[in-house]
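Report on the following structure.
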Amino acid sequence: MIRPRFISAGDRIAVTAPSAGVSDPTDVRRFENAVSVLRGRGYDVTLTPNVYSDIGDGRSSSAEQRAKEADSVLGDPGIAYVISAKGGDHLNEMFDHTDLSCISDAPKWVQGYSDNTDILFRITTVYDIMSVYCGNFGDYGMEPWHRSISENLEFLEGKRTEQDSFDTYESGFKDRITGLEPIEGDVPVRWISDGNVSFSGIAIGGCTDKLRDMAGTGWDRVRDFAERYRDDGIVWYMETYASDATSFADDLRKMRDNGWFEHAKGFVFGRPLFFEGDYVDTVRGVLGDLDLPIVFDADIGHKAPRMTIINGARMVVDVRDGRGRISYPGLTEDY
């Protein structure tokens with residue numbers, strides 16, 4: 001597994017829009033503030049042309065243009081960190097125009113979440129390069145930064161190897177007025193598990209709304225990935241943006257039927273944003289007979305704040321009395 005070098009002041013950060021772009025004035029202001037804040041920390045921030053472009057329906061630009069601009073930063077050895085502008089719905093259209101192989105010549109940190117699952121998942125499962133499932137670029141524009149944001153940057157800078165669960169989370173999306181609104185939790189965080197649990201393995205996962213579209217397709221390399229890292233085992237983390245009990249169960253069965261959970265050591269599920277039914281019972285109904293630890297309501301996904309999840313790194317999950325800790329032993333060692 002390739003761990004990209006950690007970033008530091010003076011490095012170049014690139015923002016690109018492989019999914020949706022930014023056009024709403026409040027979002028533009030948030031992005032402009034994010035650029036200013038990161039430059040104030042000594043980083044050279046560049047944005048590809050499609051970041052402020054929006055052709056509608058969750059697309060910043062044509063699939064060909066999105067692929068071209070993504071490749072331009074992924075393959076650039078002078079860029080140390082690439083982060084997606086936003087989520088959306090149609091990122092996988094890019095794969096008709098790129099296989100992302102250019103990153104193999106210039107490994108770097110790539111971060112995003114939601115629709116960006118497709119890029120991160122492929123970078124790690126196909127090219128054995130670590131990637132980061134956390135926030136998109138706009139999160140750096142909030143004032144003040146939530147602990148999750150500063151800790152995210154600390155991971156990328158090689159200053160942190162573990163993270164504790166947060167105190168509260170936001171129960172849903174909140175309207176923005178200034179564009180700089182911070183995370184304001186309104187519900188206490190409590191991770192759900194069958195007693196206190198601890199397990200470890202190579203982390204991989206993302207948003208099931210996107211993972212289901214890859215399972216069993218020509219882009220699916222998961223079984224090979226799990227076999228390469230069978231000695232460590234795999235820790236799956238997943239979350240859903242919008243689903244219901246029936247479709248969510250079907251998604252999990254599809255992944256299981258395609259061998260995704262071979263060599264699994266445990267599962268971590270983030271809080272779903274929109275869900276009809278009981279997602280805990282749904283998961284247990286599909287995965288319970290695997291007799292593996294399953295954690296629910298973790299700080300992962302669409303209900304902020306989000307923990308920094310490093311695909312491809314050895315991750316240790318500890319849950320004690322409803323509190324969680326995720327750590328990456330050996331992350332800062334030489335690879």
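Letters A, B, ... go to the chains of the structure tokens in the order shown; residues in each chain start at 1; ligands are counted from 1 in the same order.
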
When you look at stretch 41-50 of chain A with a cut-off of 12 Å (counting only C-alpha atoms), what residues show up, excluding the ones that are within fewer than 5 positions of it in the same chain? I need them as a PyMOL selection string. chain A and resi 7-23+31-36+55+59-74+78-86+137+140+150+153+157

Give the answer as one residue: which of A:Leu290, A:Glu333, A:Asp224, A:Glu181 has the shortest atom-to-atom distance to A:Trp145, using only C-alpha atoms? A:Glu181

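Minimum atom-to-atom distance to A:Arg212, evaluated using only C-alpha atoms, belongs to A:Asn258 out of A:Tyr229, A:Asn258, A:Ile183, A:Arg314.
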
Could you state the separation of atom CA of A:Glu93 and atom CA of A:Val110 in Å, given to one decimal place? 18.7 Å

Residues within 8 Å of A:Ser243, only C-alpha atoms, excluding chain neighbours under 5 positions, as JSON, numbers by chain: {"A": [209, 248, 274, 275, 276]}

Hey, can you spit out that residue selection with all heavy atoms as a tab-separated table (two decimals), in the first residue's frame?
```tsv
chain	number	residue	atom	x	y	z
A	209	ASP	N	-24.78	4.39	-1.68
A	209	ASP	CA	-25.49	4.83	-2.88
A	209	ASP	C	-24.60	4.75	-4.11
A	209	ASP	O	-25.09	4.65	-5.24
A	209	ASP	CB	-25.98	6.28	-2.70
A	209	ASP	CG	-26.81	6.48	-1.43
A	209	ASP	OD1	-26.37	6.03	-0.36
A	209	ASP	OD2	-27.88	7.09	-1.52
A	248	PHE	N	-31.63	-0.90	0.74
A	248	PHE	CA	-30.37	-0.98	1.46
A	248	PHE	C	-29.95	-2.43	1.67
A	248	PHE	O	-28.79	-2.80	1.49
A	248	PHE	CB	-30.51	-0.27	2.80
A	248	PHE	CG	-29.19	0.05	3.48
A	248	PHE	CD1	-28.21	0.77	2.84
A	248	PHE	CD2	-28.96	-0.37	4.79
A	248	PHE	CE1	-27.00	1.07	3.47
A	248	PHE	CE2	-27.77	-0.08	5.43
A	248	PHE	CZ	-26.79	0.64	4.76
A	274	PHE	N	-31.12	10.28	5.06
A	274	PHE	CA	-32.54	10.01	4.80
A	274	PHE	C	-32.72	8.50	4.71
A	274	PHE	O	-32.13	7.87	3.84
A	274	PHE	CB	-32.99	10.67	3.49
A	274	PHE	CG	-32.76	12.16	3.44
A	274	PHE	CD1	-31.81	12.70	2.60
A	274	PHE	CD2	-33.50	13.01	4.25
A	274	PHE	CE1	-31.59	14.06	2.54
A	274	PHE	CE2	-33.29	14.38	4.20
A	274	PHE	CZ	-32.34	14.91	3.35
A	275	PHE	N	-33.54	7.94	5.60
A	275	PHE	CA	-33.72	6.49	5.60
A	275	PHE	C	-35.13	6.15	6.04
A	275	PHE	O	-35.60	6.66	7.06
A	275	PHE	CB	-32.70	5.81	6.52
A	275	PHE	CG	-32.56	4.33	6.30
A	275	PHE	CD1	-31.65	3.84	5.38
A	275	PHE	CD2	-33.36	3.42	6.99
A	275	PHE	CE1	-31.52	2.48	5.14
A	275	PHE	CE2	-33.24	2.06	6.78
A	275	PHE	CZ	-32.31	1.58	5.84
A	276	GLU	N	-35.77	5.27	5.28
A	276	GLU	CA	-37.10	4.81	5.62
A	276	GLU	C	-37.00	3.39	6.19
A	276	GLU	O	-36.60	2.47	5.49
A	276	GLU	CB	-38.01	4.81	4.39
A	276	GLU	CG	-38.23	6.21	3.80
A	276	GLU	CD	-39.11	6.17	2.58
A	276	GLU	OE1	-39.72	5.12	2.32
A	276	GLU	OE2	-39.19	7.21	1.89
```
